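S.K.: Right, I'll just put the structure down here and ask away after.
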Amino acid sequence: MSRRLPALYALRAFEAAARHNSFTRAAEDLAITPSAVSRHIRTLEEHFNCRLFQRSGRNLQLTDSALVLLPGVREGFAALELACQSLRGEDEILRLKAPPTLTMRWLLASISRFRHLQPGNEVQLTSAWMDIDRVDFSQEPFDCAVLLSDRPFTGEVESTLLFQEWLIPVGAPRDADLPWNAQRLAKAELLHTTPDRRDWQRWLERMGLIDQVSLRGGQVFDTLELGMVAAARGYGLSVGDLLMVAEDAALGRLSLPWPCAVASGASYYLVWPKARGNGDRLRRLSDFLLAEVAAIELPDVQRLV
């Protein structure tokens, strides 16, 4: 007879604490108290007769024993999740993960129309900030995701390319009143939507202006949305995505002072794991989103690949 396994709830607490490097955040994840997480960890330590975590100040570190245990625990929970997922009915809500700017600028309205026009196809949309768009379907509670990537998705996921990312400067309505050139751009306040300033850098490099316009200074945000809102309110020029600014540009809520869009090399994809049993519903969602993209009237600007 195999050795008795420890309690499943204790293993779940261990996995969450290891993933977050925090008992407090693990407790929030599991909807229990930090003291309960601590008790579950002690249960495991008594079961295995070894320490699993060590504290160094405020930092929580896994011991060598924990590092041996963790991969098997994660694989086990991933297998359980997939096994349970395969038995869920077609009436289950699709859980969709997406970055916040895409959600606010396009996806939220599209998903609302999808739910209205196709009753019974419910989608729960979760907006999550991601410095680099990613999803781990074995660890995160999502059935699908819309992610920005510079290459097609392969392996254990299926994907549909929704639209390419085109970067374009955006500003307040008044910024379109005068013609822009390199000298005026060099004097402008540039707003950056990532700490590495990569969007402005890509645009300036493709336009041949990287040596004429400094990337130093300027307010730094952590989403395209914040940069575009600040630009629309007159705090400087930011970089937006052509599709996501289409509505505001058409309504005059922001301007495109330099009407030239540059391909970033990345695209937005709808992705989902091949192993899930809701492929038909995901393909219906994929087809609907493609039709939504095709219906958008993009601003009439020059595009440079």
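Numbering starts fresh at 1 for the residues of each chain in the structure tokens, the chains themselves are lettered A, B, ... in the order given, and ligands are numbered from 1 as they appear.
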DSSP on the backbone, helix (DSSP H, G or I) only: what residues of stretch 69-241 of chain A does that give? Format it as an MDAnalysis selection string.

M.R.: chainID A and resid 69:85 100:117 173:176 182:187 198:207 224:232

S.K.: Got time to write the residues from that selection, C-alpha atoms, as an mmCIF file, in the first residue's frame?

M.R.:
```cif
data_model
loop_
_atom_site.group_PDB
_atom_site.id
_atom_site.type_symbol
_atom_site.label_atom_id
_atom_site.label_comp_id
_atom_site.auth_asym_id
_atom_site.auth_seq_id
_atom_site.Cartn_x
_atom_site.Cartn_y
_atom_site.Cartn_z
ATOM 1 C CA LEU A 69 7.998 18.906 -3.848
ATOM 2 C CA LEU A 70 6.649 21.883 -5.817
ATOM 3 C CA PRO A 71 6.839 20.647 -9.465
ATOM 4 C CA GLY A 72 4.893 17.465 -8.697
ATOM 5 C CA VAL A 73 2.249 19.364 -6.735
ATOM 6 C CA ARG A 74 1.761 21.851 -9.565
ATOM 7 C CA GLU A 75 1.534 19.101 -12.162
ATOM 8 C CA GLY A 76 -0.976 17.271 -10.009
ATOM 9 C CA PHE A 77 -3.288 20.255 -9.623
ATOM 10 C CA ALA A 78 -2.982 21.023 -13.332
ATOM 11 C CA ALA A 79 -4.047 17.465 -14.144
ATOM 12 C CA LEU A 80 -6.995 17.722 -11.752
ATOM 13 C CA GLU A 81 -8.074 21.023 -13.307
ATOM 14 C CA LEU A 82 -7.983 19.584 -16.816
ATOM 15 C CA ALA A 83 -9.858 16.456 -15.745
ATOM 16 C CA CYS A 84 -12.615 18.512 -14.112
ATOM 17 C CA GLN A 85 -12.722 20.963 -17.010
ATOM 18 C CA PRO A 100 -6.842 46.569 -19.500
ATOM 19 C CA THR A 101 -6.396 49.011 -22.391
ATOM 20 C CA LEU A 102 -7.725 46.528 -24.939
ATOM 21 C CA THR A 103 -10.618 45.785 -22.591
ATOM 22 C CA MET A 104 -11.673 49.408 -22.156
ATOM 23 C CA ARG A 105 -11.031 50.529 -25.741
ATOM 24 C CA TRP A 106 -12.595 47.646 -27.670
ATOM 25 C CA LEU A 107 -13.135 44.252 -26.082
ATOM 26 C CA LEU A 108 -15.698 45.165 -23.419
ATOM 27 C CA ALA A 109 -18.147 46.566 -26.005
ATOM 28 C CA SER A 110 -17.566 43.618 -28.342
ATOM 29 C CA ILE A 111 -18.161 41.050 -25.619
ATOM 30 C CA SER A 112 -21.348 42.869 -24.570
ATOM 31 C CA ARG A 113 -22.644 42.620 -28.132
ATOM 32 C CA PHE A 114 -21.629 38.955 -28.316
ATOM 33 C CA ARG A 115 -23.634 38.139 -25.187
ATOM 34 C CA HIS A 116 -26.642 40.108 -26.462
ATOM 35 C CA LEU A 117 -26.662 38.667 -29.983
ATOM 36 C CA PRO A 173 -7.729 67.867 -29.961
ATOM 37 C CA ARG A 174 -5.792 71.144 -30.092
ATOM 38 C CA ASP A 175 -2.577 69.314 -31.039
ATOM 39 C CA ALA A 176 -3.901 68.816 -34.577
ATOM 40 C CA ALA A 182 10.881 66.885 -35.982
ATOM 41 C CA GLN A 183 11.685 70.214 -34.320
ATOM 42 C CA ARG A 184 8.235 70.585 -32.805
ATOM 43 C CA LEU A 185 8.176 66.947 -31.710
ATOM 44 C CA ALA A 186 11.581 67.345 -30.039
ATOM 45 C CA LYS A 187 10.174 70.160 -27.883
ATOM 46 C CA ARG A 198 9.632 51.063 -26.222
ATOM 47 C CA ASP A 199 6.569 52.351 -28.102
ATOM 48 C CA TRP A 200 7.983 55.802 -28.792
ATOM 49 C CA GLN A 201 11.343 54.210 -29.596
ATOM 50 C CA ARG A 202 9.791 51.896 -32.199
ATOM 51 C CA TRP A 203 7.841 54.728 -33.807
ATOM 52 C CA LEU A 204 10.776 57.150 -33.892
ATOM 53 C CA GLU A 205 13.155 54.512 -35.272
ATOM 54 C CA ARG A 206 10.812 53.575 -38.114
ATOM 55 C CA MET A 207 10.230 57.271 -38.898
ATOM 56 C CA LEU A 224 -1.578 52.465 -22.997
ATOM 57 C CA GLU A 225 -4.896 53.607 -21.549
ATOM 58 C CA LEU A 226 -3.336 55.967 -19.013
ATOM 59 C CA GLY A 227 -1.001 57.406 -21.611
ATOM 60 C CA MET A 228 -3.828 58.044 -24.068
ATOM 61 C CA VAL A 229 -6.083 59.606 -21.436
ATOM 62 C CA ALA A 230 -3.278 61.925 -20.286
ATOM 63 C CA ALA A 231 -2.568 62.899 -23.902
ATOM 64 C CA ALA A 232 -6.235 63.624 -24.601
#
```

S.K.: Mind running stretch 171-249 of chain A against stretch 282-295 of chain A at 12 Å and telling me each contacting residue's nearest atom pair with the distance in Å (one decimal), counting only C-alpha atoms, chain and number ascending, as a tab-separated table?

M.R.:
```
residue	atom	partner	partner_atom	distance
A:Leu242	CA	A:Val293	CA	11.9
A:Leu243	CA	A:Val293	CA	8.4
A:Met244	CA	A:Val293	CA	10.6
A:Ala246	CA	A:Val293	CA	11.4
```

S.K.: Taking the DSSP secondary structure from the backbone, can you list the residues of stretch 44-227 of chain A that are strand (DSSP E or B), as a PyMOL selection string?

M.R.: chain A and resi 53-56+59-62+94-98+123-127+144-149+157-171+190+192+220
